[in-house]
>>> print(open('data.cif').read())   # mmCIF, C-alpha atoms
data_target
loop_
_atom_site.label_atom_id
_atom_site.label_comp_id
_atom_site.auth_asym_id
_atom_site.auth_seq_id
_atom_site.Cartn_x
_atom_site.Cartn_y
_atom_site.Cartn_z
CA MET J 13 -82.56 107.91 110.38
CA ILE J 14 -81.22 110.44 112.88
CA ASN J 15 -77.73 109.21 112.10
CA THR J 16 -78.28 109.60 108.37
CA ILE J 17 -79.43 113.19 108.87
CA LYS J 18 -76.47 113.94 111.14
CA ASN J 19 -74.10 112.44 108.62
CA ILE J 20 -75.61 114.47 105.75
CA PHE J 21 -75.26 117.67 107.76
CA SER J 22 -71.70 116.97 108.81
CA LEU J 23 -70.81 116.37 105.14
CA GLY J 24 -72.75 119.35 103.76
CA VAL J 25 -71.66 121.88 106.35
CA PHE J 26 -68.09 120.80 107.14
CA LYS J 27 -66.38 117.80 105.61
CA ASP J 28 -67.71 118.28 102.08
CA ASN J 29 -68.71 121.93 102.32
CA PRO J 30 -69.72 123.19 98.87
CA VAL J 31 -67.68 126.39 99.12
CA PHE J 32 -64.39 125.59 100.83
CA ARG J 33 -64.18 121.90 99.82
CA GLN J 34 -65.91 121.65 96.46
CA ILE J 35 -65.10 125.29 95.52
CA LEU J 36 -68.59 125.79 94.11
CA GLY J 37 -70.82 128.88 94.29
CA ILE J 38 -67.77 131.13 94.47
CA CYS J 39 -69.16 133.93 92.30
CA SER J 40 -72.02 134.84 94.60
CA ALA J 41 -69.97 134.08 97.70
CA LEU J 42 -67.60 136.83 96.58
CA ALA J 43 -70.24 139.22 95.32
CA VAL J 44 -72.81 139.56 98.10
CA THR J 45 -70.62 139.23 101.18
CA ASN J 46 -69.87 142.91 101.74
CA LEU J 47 -72.79 143.21 104.19
CA LEU J 48 -74.04 140.60 106.67
CA MET J 49 -77.71 141.27 105.89
CA ASN J 50 -77.18 140.56 102.18
CA SER J 51 -75.48 137.29 103.05
CA VAL J 52 -78.32 136.22 105.34
CA PHE J 53 -80.87 136.68 102.57
CA MET J 54 -78.65 135.10 99.93
CA GLY J 55 -78.03 132.13 102.23
CA LEU J 56 -81.74 131.67 102.98
CA GLY J 57 -82.56 131.96 99.28
CA LEU J 58 -80.03 129.30 98.41
CA ILE J 59 -81.17 126.93 101.18
CA PHE J 60 -84.74 127.27 99.91
CA VAL J 61 -83.83 126.66 96.27
CA THR J 62 -81.38 123.80 96.92
CA ALA J 63 -83.72 121.99 99.30
CA LEU J 64 -86.82 122.24 97.13
CA SER J 65 -85.07 121.48 93.84
CA SER J 66 -83.43 118.43 95.37
CA LEU J 67 -86.82 117.34 96.71
CA THR J 68 -88.54 117.81 93.36
CA VAL J 69 -85.78 116.18 91.33
CA SER J 70 -85.84 113.23 93.70
CA ILE J 71 -89.63 112.83 93.47
CA LEU J 72 -89.45 112.93 89.67
CA ARG J 73 -86.27 110.84 89.38
CA LYS J 74 -88.03 107.59 88.46
CA TYR J 75 -90.16 109.21 85.78
CA THR J 76 -87.58 111.55 84.24
CA PRO J 77 -86.06 110.17 81.03
CA LYS J 78 -82.32 109.94 81.79
CA HIS J 79 -81.02 111.90 78.80
CA ILE J 80 -83.14 114.99 79.42
CA ARG J 81 -82.64 115.08 83.20
CA MET J 82 -80.39 118.17 83.11
CA MET J 83 -82.99 120.13 81.18
CA VAL J 84 -85.59 119.13 83.75
CA GLN J 85 -83.29 120.09 86.62
CA THR J 86 -82.60 123.51 85.13
CA LEU J 87 -86.30 124.13 84.69
CA ILE J 88 -87.06 123.12 88.28
CA ILE J 89 -84.21 125.22 89.69
CA SER J 90 -85.13 128.32 87.72
CA ALA J 91 -88.76 128.08 88.80
CA TYR J 92 -87.75 128.15 92.48
CA VAL J 93 -85.29 130.99 91.88
CA ILE J 94 -88.03 133.05 90.23
CA ILE J 95 -90.21 132.43 93.29
CA VAL J 96 -87.42 133.75 95.56
CA ASP J 97 -87.00 136.78 93.30
CA ILE J 98 -90.72 137.59 93.29
CA VAL J 99 -91.07 137.17 97.05
CA LEU J 100 -88.09 139.46 97.70
CA LYS J 101 -89.47 142.10 95.33
CA ALA J 102 -92.90 141.98 96.93
CA TYR J 103 -92.05 141.77 100.62
CA PHE J 104 -88.41 142.90 100.99
CA PRO J 105 -87.94 145.55 98.27
CA ALA J 106 -84.85 147.03 99.92
CA MET J 107 -83.15 143.63 100.02
CA SER J 108 -84.14 142.89 96.44
CA GLU J 109 -82.42 146.10 95.39
CA ALA J 110 -79.30 145.35 97.44
CA LEU J 111 -78.89 141.85 96.00
CA GLY J 112 -79.65 143.05 92.48
CA PRO J 113 -78.85 140.53 89.76
CA TYR J 114 -77.42 137.97 92.16
CA VAL J 115 -80.83 136.55 93.03
CA GLY J 116 -81.42 135.64 89.41
CA LEU J 117 -77.91 134.23 89.24
CA ILE J 118 -78.75 131.63 91.91
CA ILE J 119 -79.89 129.61 88.88
CA THR J 120 -76.28 129.28 87.76
CA ASN J 121 -75.03 128.39 91.24
CA CYS J 122 -73.29 125.07 90.71
CA ILE J 123 -74.10 123.90 94.23
CA ILE J 124 -77.76 123.37 93.37
CA MET J 125 -77.27 121.44 90.18
CA GLY J 126 -74.40 119.57 91.82
CA ARG J 127 -76.68 118.32 94.60
CA CYS J 128 -79.48 117.46 92.15
CA GLU J 129 -77.13 115.49 89.93
CA VAL J 130 -74.98 113.79 92.58
CA PHE J 131 -77.46 113.21 95.38
CA ALA J 132 -81.12 113.75 94.51
CA GLN J 133 -80.91 111.62 91.33
CA ASN J 134 -80.09 108.53 93.44
CA ASN J 135 -81.79 109.11 96.79
CA PRO J 136 -85.33 109.20 98.17
CA PRO J 137 -87.11 112.58 98.46
CA PHE J 138 -86.75 113.14 102.20
CA THR J 139 -82.99 112.53 102.40
CA SER J 140 -82.54 114.64 99.26
CA PHE J 141 -84.43 117.48 100.89
CA ILE J 142 -82.21 117.25 103.99
CA ASP J 143 -79.13 117.13 101.78
CA GLY J 144 -80.27 120.33 100.04
CA VAL J 145 -80.78 122.07 103.38
CA ALA J 146 -77.37 120.88 104.58
CA SER J 147 -75.48 122.02 101.49
CA GLY J 148 -77.35 125.33 101.47
CA SER J 149 -76.46 125.81 105.14
CA GLY J 150 -72.82 125.04 104.43
CA TYR J 151 -72.86 127.74 101.77
CA ALA J 152 -74.71 130.21 104.02
CA LEU J 153 -72.29 129.58 106.87
CA VAL J 154 -69.25 130.41 104.74
CA LEU J 155 -70.99 133.53 103.40
CA LEU J 156 -71.77 134.72 106.92
CA VAL J 157 -68.20 134.20 108.11
CA ILE J 158 -66.81 136.12 105.13
CA ALA J 159 -69.42 138.88 105.46
CA PHE J 160 -68.79 139.17 109.21
CA PHE J 161 -65.16 140.12 108.65
CA ARG J 162 -65.76 142.18 105.52
CA GLU J 163 -68.50 144.30 107.08
CA LEU J 164 -66.70 144.61 110.40
CA LEU J 165 -63.40 145.75 108.89
CA GLY J 166 -64.81 147.52 105.83
CA PHE J 167 -67.65 149.46 107.42
CA GLY J 168 -66.93 149.10 111.15
CA SER J 169 -70.44 147.72 111.60
CA LEU J 170 -72.38 144.45 111.98
CA PHE J 171 -75.87 144.19 110.44
CA GLY J 172 -75.63 147.94 109.81
CA ILE J 173 -75.05 148.76 113.49
CA ASN J 174 -71.79 150.55 114.15
CA VAL J 175 -69.69 148.53 116.60
CA LEU J 176 -66.14 149.80 116.17
CA GLY J 177 -66.88 153.43 117.00
CA GLU J 178 -66.22 156.73 115.28
CA ASN J 179 -62.44 156.46 115.25
CA TRP J 180 -62.31 153.25 113.25
CA VAL J 181 -60.72 153.76 109.82
CA ASN J 182 -62.65 151.66 107.28
CA TRP J 183 -60.61 149.20 105.25
CA VAL J 184 -61.98 150.06 101.81
CA PHE J 185 -60.02 147.07 100.52
CA MET J 186 -62.36 144.67 102.35
CA ILE J 187 -65.47 146.03 100.61
CA MET J 188 -63.95 145.69 97.17
CA PRO J 189 -63.79 142.33 95.32
CA PRO J 190 -60.13 141.67 96.27
CA GLY J 191 -61.18 141.73 99.92
CA ALA J 192 -63.59 138.89 99.21
CA PHE J 193 -60.92 136.82 97.46
CA PHE J 194 -58.58 137.44 100.35
CA MET J 195 -61.15 136.31 102.96
CA LEU J 196 -62.18 133.28 100.93
CA GLY J 197 -58.54 132.27 100.54
CA VAL J 198 -57.99 132.52 104.27
CA ILE J 199 -61.08 130.43 104.96
CA ILE J 200 -60.09 127.70 102.49
CA TRP J 201 -56.63 127.65 104.00
CA LEU J 202 -57.96 127.31 107.57
CA ALA J 203 -60.51 124.69 106.49
CA ASN J 204 -57.84 122.62 104.75
CA THR J 205 -55.70 122.76 107.85
CA TYR J 206 -58.27 122.10 110.56
CA ILE J 207 -61.38 120.41 109.14
CA PRO J 208 -61.05 116.69 108.33
CA THR J 209 -62.01 115.51 104.84
CA LYS J 210 -64.91 113.17 104.17
CA ASP J 211 -62.69 110.08 103.91
CA GLY J 212 -61.78 110.66 107.53
CA LYS J 213 -58.19 111.45 106.64
CA ALA J 214 -56.36 114.05 108.63
CA PRO J 215 -56.40 117.41 106.88
CA ALA J 216 -53.72 117.74 104.25
CA ALA J 217 -50.79 119.71 105.55
CA GLY J 218 -49.77 122.54 103.27
CA GLY J 219 -46.25 123.37 102.22
CA GLY J 220 -43.50 121.07 101.05
CA ASN J 221 -42.47 119.40 104.28
CA MET G 10 -79.82 103.60 66.71
CA LYS G 11 -82.27 104.01 69.56
CA LYS G 12 -85.94 104.02 68.83
CA PHE G 13 -87.43 107.49 68.81
CA THR G 14 -90.06 108.04 71.49
CA MET G 15 -92.28 110.99 72.25
CA LYS G 16 -91.96 110.47 76.00
CA PRO G 17 -89.16 112.97 76.75
CA ILE G 18 -90.90 115.68 74.76
CA LEU G 19 -94.23 115.06 76.46
CA PHE G 20 -92.54 114.96 79.85
CA MET G 21 -90.84 118.30 79.25
CA VAL G 22 -94.03 119.91 77.95
CA VAL G 23 -96.06 118.75 80.94
CA ILE G 24 -93.53 119.83 83.54
CA THR G 25 -93.08 123.20 81.83
CA ILE G 26 -96.82 123.79 81.84
CA VAL G 27 -97.08 122.89 85.52
CA TYR G 28 -94.26 125.21 86.57
CA THR G 29 -95.41 128.05 84.34
CA ALA G 30 -98.87 127.84 85.88
CA VAL G 31 -97.47 127.91 89.41
CA LEU G 32 -95.24 130.90 88.63
CA ALA G 33 -98.00 132.76 86.85
CA GLY G 34 -100.18 132.25 89.91
CA ILE G 35 -97.56 133.60 92.29
CA ASN G 36 -96.88 136.50 89.95
CA ALA G 37 -100.56 137.42 89.77
CA VAL G 38 -100.85 137.38 93.56
CA THR G 39 -97.84 139.64 94.16
CA GLU G 40 -97.97 141.84 91.05
CA GLU G 41 -99.92 144.63 92.70
CA ARG G 42 -97.70 144.67 95.75
CA ILE G 43 -94.55 144.92 93.67
CA ALA G 44 -95.97 147.80 91.60
CA LEU G 45 -96.93 149.59 94.81
CA ASN G 46 -93.44 149.10 96.26
CA GLU G 47 -91.89 150.61 93.16
CA GLN G 48 -94.32 153.50 93.14
CA LEU G 49 -93.71 154.15 96.84
CA SER G 50 -89.94 154.29 96.45
CA GLU G 51 -90.26 156.65 93.49
CA GLN G 52 -92.67 158.97 95.30
CA LEU G 53 -90.35 158.98 98.32
CA SER G 54 -87.52 160.12 96.05
CA PHE G 55 -89.63 163.03 94.79
CA LEU G 56 -90.49 164.09 98.32
CA TYR G 57 -86.85 163.66 99.32
CA VAL G 58 -85.52 166.10 96.69
CA LEU G 59 -88.12 168.63 97.87
CA ASN G 60 -86.95 168.03 101.45
CA MET G 61 -90.51 167.11 102.36
CA THR G 62 -89.97 163.51 103.47
CA PRO G 63 -92.85 162.68 105.82
CA GLU G 64 -92.09 161.45 109.32
CA THR G 65 -93.98 158.21 108.85
CA ILE G 66 -93.04 156.40 105.69
CA GLU G 67 -96.33 154.62 105.04
CA ALA G 68 -97.85 154.21 101.63
CA PRO G 69 -101.07 156.23 102.26
CA THR G 70 -99.22 159.21 103.81
CA VAL G 71 -96.57 159.29 101.12
CA ASN G 72 -99.14 158.87 98.40
CA ARG G 73 -101.35 161.70 99.63
CA LEU G 74 -98.46 164.09 100.12
CA TYR G 75 -97.14 163.29 96.65
CA GLN G 76 -100.54 163.91 95.06
CA GLU G 77 -100.81 167.22 96.90
CA ARG G 78 -97.35 168.55 96.09
CA VAL G 79 -96.20 167.14 92.77
CA GLU G 80 -97.75 167.54 89.34
CA GLU G 81 -96.44 166.15 86.07
CA ILE G 82 -96.21 168.58 83.16
CA GLN G 83 -95.12 168.30 79.54
CA VAL G 84 -92.94 171.00 78.08
CA ASP G 85 -92.01 170.71 74.45
CA GLY G 86 -92.35 166.95 74.62
CA ASP G 87 -90.13 166.73 77.71
CA ARG G 88 -91.58 165.35 80.90
CA LEU G 89 -90.93 167.27 84.08
CA TYR G 90 -92.68 168.01 87.33
CA GLU G 91 -93.90 171.07 89.18
CA ALA G 92 -93.92 171.00 92.96
CA TYR G 93 -95.96 173.23 95.27
CA ASP G 94 -95.50 174.24 98.90
CA GLU G 95 -98.13 174.08 101.65
CA ASP G 96 -99.90 177.22 100.42
CA GLY G 97 -100.06 176.05 96.83
CA ASN G 98 -97.32 178.33 95.52
CA LEU G 99 -94.87 177.04 92.95
CA TYR G 100 -91.95 175.75 94.98
CA ALA G 101 -89.76 173.85 92.55
CA TYR G 102 -89.29 172.22 89.17
CA ILE G 103 -88.23 168.61 89.29
CA VAL G 104 -86.16 167.58 86.29
CA PRO G 105 -85.49 163.90 85.51
CA MET G 106 -81.90 163.08 84.54
CA VAL G 107 -80.60 160.00 82.85
CA GLY G 108 -77.26 158.92 81.44
CA GLY G 109 -74.53 156.33 81.37
CA ALA G 110 -72.53 155.99 84.59
CA LEU G 111 -69.56 153.71 85.26
CA TRP G 112 -71.38 150.35 85.03
CA GLY G 113 -74.73 151.14 83.53
CA GLU G 114 -77.59 153.54 83.16
CA LEU G 115 -78.18 155.97 86.00
CA ARG G 116 -81.57 157.61 86.50
CA GLY G 117 -82.20 160.41 88.94
CA ILE G 118 -84.10 163.62 89.61
CA VAL G 119 -83.05 167.18 90.45
CA ALA G 120 -85.25 169.76 92.15
CA LEU G 121 -84.63 173.37 91.09
CA ALA G 122 -86.03 176.50 92.71
CA PRO G 123 -88.34 178.48 90.34
CA ASP G 124 -85.57 181.11 89.86
CA PHE G 125 -83.41 178.31 88.36
CA GLU G 126 -80.46 179.45 90.49
CA THR G 127 -80.68 177.05 93.42
CA VAL G 128 -80.64 173.26 93.53
CA LEU G 129 -83.05 172.12 96.24
CA GLY G 130 -82.08 168.47 96.21
CA ILE G 131 -80.97 165.50 94.16
CA ASP G 132 -81.78 161.80 94.29
CA PHE G 133 -81.01 158.68 92.28
CA LEU G 134 -83.85 156.39 91.24
CA SER G 135 -81.79 153.56 89.82
CA HIS G 136 -78.16 152.78 89.04
CA SER G 137 -75.78 149.84 89.04
CA GLU G 138 -72.65 151.31 90.63
CA THR G 139 -70.31 149.25 92.80
CA PRO G 140 -71.81 148.74 96.27
CA GLY G 141 -69.65 150.40 98.91
CA LEU G 142 -67.85 152.61 96.38
CA GLY G 143 -69.82 154.31 93.59
CA GLY G 144 -72.95 152.94 95.22
CA ARG G 145 -72.37 155.44 98.00
CA ILE G 146 -74.03 158.14 95.87
CA ASP G 147 -77.17 156.78 97.56
CA GLU G 148 -75.93 157.77 101.00
CA PRO G 149 -77.29 160.95 102.58
CA GLU G 150 -73.73 162.23 103.13
CA PHE G 151 -73.35 162.60 99.38
CA LYS G 152 -76.87 163.65 98.39
CA GLU G 153 -77.36 166.16 101.22
CA GLN G 154 -74.41 168.21 99.88
CA PHE G 155 -76.55 169.25 96.91
CA ARG G 156 -79.16 170.99 99.04
CA GLY G 157 -79.13 174.71 98.37
CA ILE G 158 -76.10 174.88 96.08
CA GLU G 159 -76.13 177.89 93.77
CA ILE G 160 -75.81 177.35 90.05
CA ASP G 161 -75.47 179.89 87.28
CA PRO G 162 -78.34 179.38 84.79
CA GLU G 163 -76.28 181.00 82.05
CA ALA G 164 -73.25 178.74 82.60
CA ASP G 165 -72.01 176.83 79.60
CA GLY G 166 -72.10 173.19 80.60
CA ASP G 167 -70.27 173.41 83.92
CA PHE G 168 -73.10 173.88 86.37
CA LEU G 169 -71.65 171.48 88.91
CA THR G 170 -67.98 171.46 89.94
CA TYR G 171 -66.36 169.27 92.55
CA ASN G 172 -64.11 170.59 95.33
CA PRO G 173 -61.27 171.57 95.42
CA ASN G 174 -61.57 173.00 91.90
CA PRO G 175 -62.27 176.74 91.82
CA GLY G 176 -65.98 177.32 92.28
CA GLY G 177 -66.47 173.81 93.66
CA GLN G 178 -69.82 173.18 95.35
CA VAL G 179 -69.72 169.56 96.54
CA ASP G 180 -67.22 166.82 97.40
CA ALA G 181 -66.81 163.82 95.10
CA ILE G 182 -66.62 160.32 96.59
CA SER G 183 -63.07 159.17 97.21
CA GLY G 184 -62.33 155.82 95.60
CA ALA G 185 -65.20 156.31 93.15
CA THR G 186 -63.88 158.88 90.70
CA GLY G 187 -65.58 157.23 87.72
CA THR G 188 -69.02 157.32 89.29
CA SER G 189 -68.50 160.84 90.68
CA ASN G 190 -67.51 162.15 87.27
CA ALA G 191 -70.44 160.37 85.64
CA VAL G 192 -72.85 161.98 88.11
CA ARG G 193 -71.34 165.38 87.36
CA ASN G 194 -71.57 164.87 83.60
CA ILE G 195 -75.14 163.60 83.73
CA PHE G 196 -76.10 166.52 85.97
CA ASN G 197 -74.38 169.06 83.72
CA ASN G 198 -75.84 167.63 80.51
CA THR G 199 -79.33 167.58 81.98
CA MET G 200 -78.98 171.16 83.22
CA GLN G 201 -77.49 172.31 79.91
CA GLU G 202 -80.47 170.97 78.03
CA PHE G 203 -82.93 172.24 80.61
CA MET G 204 -81.49 175.75 80.86
CA SER G 205 -81.05 176.25 77.14
CA GLU G 206 -84.34 174.78 75.93
CA THR G 207 -86.94 173.92 78.53
CA ARG G 208 -86.44 177.05 80.62
CA GLU G 209 -87.45 179.36 77.75
CA GLU G 210 -90.65 177.41 77.28
CA LEU G 211 -91.44 177.61 80.98
CA ASN G 212 -90.84 181.36 80.99
CA ASN G 213 -93.14 181.81 78.04
CA ASP G 214 -96.03 180.07 79.79
#
>>> encode(input="data.cif", output="structure tokens")
Amino acid sequence: MINTIKNIFSLGVFKDNPVFRQILGICSALAVTNLLMNSVFMGLGLIFVTALSSLTVSILRKYTPKHIRMMVQTLIISAYVIIVDIVLKAYFPAMSEALGPYVGLIITNCIIMGRCEVFAQNNPPFTSFIDGVASGSGYALVLLVIAFFRELLGFGSLFGINVLGENWVNWVFMIMPPGAFFMLGVIIWLANTYIPTKDGKAPAAGGGN
Amino acid sequence: MKKFTMKPILFMVVITIVYTAVLAGINAVTEERIALNEQLSEQLSFLYVLNMTPETIEAPTVNRLYQERVEEIQVDGDRLYEAYDEDGNLYAYIVPMVGGALWGELRGIVALAPDFETVLGIDFLSHSETPGLGGRIDEPEFKEQFRGIEIDPEADGDFLTYNPNPGGQVDAISGATGTSNAVRNIFNNTMQEFMSETREELNND
């Protein structure tokens, strides 16, 4: 059991990471990573939604008629997203304002439906839940890495606390969307070079050698 | 041809009802809190433009101060607010402004001294400008510039001018020309309408 969990986490967070391996959830990964705090909340929101939708889809998998399963999944996912949205509005109004429409757009995040369809449909509830947490964490981890560099270079701060001092010249480029593409590209490049794939093959070397 | 069954439809109906009930429950529990949060942030904006932000930002304090200082009035069908100082003298008119900015609707408020010649403060209630660029209109560095700027009530549309144009009062945000210009236009349109129509009505009262 412990090994299964370990294996799921190593796949979800590194070897089969939803962002840098499956290239899913890119839209929000680019949009909310200009500040670390936004990324923390977005990551937590996604872990919550992915884990619970996978759990629910897995519990219902034997009773769900096969040809309407996508409809059911969408319904389940949107219900959890609405819960996240309401909770943010009620208890973290500032964060709700900062994330704006991106909370609602978690519904369209392909990671969640991907996990429901690929994993939760064929696995028992507990492992599905763990798989959701693992994939959500993989997503959150990438967001935090991107946001760390974007906030540090773009605002000279981390979690809103100035760390680079008064004389630091902000890189406006990092706050704008191109900065996010740039960071994401660098991360995918590094991941392809250094993190092994799920088949255990050595990472593919880039370039035409 | 597969045989038609009611099962998928029933399944969908049941699961929809269950989730709707759960969401309605959560909504009912948090509804009041959300409304209070929105009210609090709006009242804080009103106190901010009057430069009367209390030291402790707690709902009861803010609420009481707002009730004491701000009063909604209707002039010629337009909604605006009168604000009073500690002694109950008229301190300012607060005029709501609204208009299209770079990405969407921008709503804000402007506080004017009763002589209509001085802007006491400005704040934005809602907008959808780019975070880190146009979104910086929310930062104190931008909004604080408006405190105490002189405007000419008889001006024709150009109440607010950015530096370094002649007669400039405030700095625009670099890298966010679209948003800065939108703020200026919304401000000028609101003032134009206020000075030419509403002000006469107020004077007649």
>>> atom_distance(input="data.cif", atom1="atom CA of Asn197 of chain G", atom2="atom CA of Val79 of chain G")
23.7 Å
>>> closest_residue(input="data.cif", among="G:Ala110, G:Ala120, G:Leu142, G:Ile160", to="chain J", atoms="all atoms listed in the file")
G:Leu142
>>> closest_atom_pairs(input="data.cif", of="chain J", to="chain G", cutoff="12 Å", atoms="only C-alpha atoms", output="CSV")
residue,atom,partner,partner_atom,distance
J:Ala43,CA,G:Pro140,CA,9.7
J:Val44,CA,G:Pro140,CA,9.4
J:Thr45,CA,G:Pro140,CA,10.8
J:Asn46,CA,G:Gly141,CA,8.0
J:Leu47,CA,G:Gly141,CA,9.5
J:Asn50,CA,G:Pro140,CA,11.4
J:Thr68,CA,G:Ile24,CA,11.2
J:Val69,CA,G:Ile24,CA,11.6
J:Leu72,CA,G:Ile24,CA,10.1
J:Tyr75,CA,G:Phe20,CA,8.6
J:Thr76,CA,G:Phe20,CA,7.4
J:Pro77,CA,G:Pro17,CA,6.0
J:Lys78,CA,G:Pro17,CA,9.0
J:His79,CA,G:Pro17,CA,8.5
J:Ile80,CA,G:Pro17,CA,6.9
J:Arg81,CA,G:Pro17,CA,9.4
J:Met82,CA,G:Met21,CA,11.1
J:Met83,CA,G:Met21,CA,8.3
J:Val84,CA,G:Met21,CA,7.0
J:Gln85,CA,G:Ile24,CA,10.7
J:Thr86,CA,G:Thr25,CA,11.0
J:Leu87,CA,G:Thr25,CA,7.4
J:Ile88,CA,G:Tyr28,CA,7.7
J:Ile89,CA,G:Tyr28,CA,10.5
J:Ser90,CA,G:Tyr28,CA,9.7
J:Ala91,CA,G:Tyr28,CA,6.6
J:Tyr92,CA,G:Leu32,CA,8.9
J:Val93,CA,G:Leu32,CA,10.5
J:Ile94,CA,G:Leu32,CA,7.7
J:Ile95,CA,G:Leu32,CA,7.0
J:Val96,CA,G:Ile35,CA,10.7
J:Asp97,CA,G:Asn36,CA,10.4
J:Ile98,CA,G:Asn36,CA,7.1
J:Val99,CA,G:Thr39,CA,7.8
J:Leu100,CA,G:Ile43,CA,9.4
J:Lys101,CA,G:Ile43,CA,6.0
J:Ala102,CA,G:Ile43,CA,4.7
J:Tyr103,CA,G:Arg42,CA,8.0
J:Phe104,CA,G:Asn46,CA,9.3
J:Pro105,CA,G:Asn46,CA,6.8
J:Ala106,CA,G:Ser50,CA,9.5
J:Ser108,CA,G:Ile43,CA,11.0
J:Glu109,CA,G:Ser135,CA,9.3
J:Ala110,CA,G:Pro140,CA,8.3
J:Leu111,CA,G:Pro140,CA,9.9
J:Gly112,CA,G:Ser137,CA,8.5
J:Pro113,CA,G:Ser137,CA,9.8
J:Arg162,CA,G:Gly141,CA,11.2
J:Glu163,CA,G:Gly141,CA,10.3
J:Gly166,CA,G:Gly141,CA,8.9
J:Phe167,CA,G:Gly141,CA,8.8
J:Asn182,CA,G:Gly141,CA,11.0
J:Trp183,CA,G:Gly141,CA,11.1
J:Val184,CA,G:Gly141,CA,8.2
J:Phe185,CA,G:Gly184,CA,10.3
J:Met186,CA,G:Gly141,CA,9.9
J:Ile187,CA,G:Gly141,CA,6.3
J:Met188,CA,G:Gly141,CA,7.6
J:Pro189,CA,G:Thr139,CA,9.8
>>> atom_distance(input="data.cif", atom1="atom CA of Gln34 of chain J", atom2="atom CA of Val145 of chain J")
16.4 Å
>>> atom_distance(input="data.cif", atom1="atom CA of Ser40 of chain J", atom2="atom CA of Asn121 of chain J")
7.9 Å
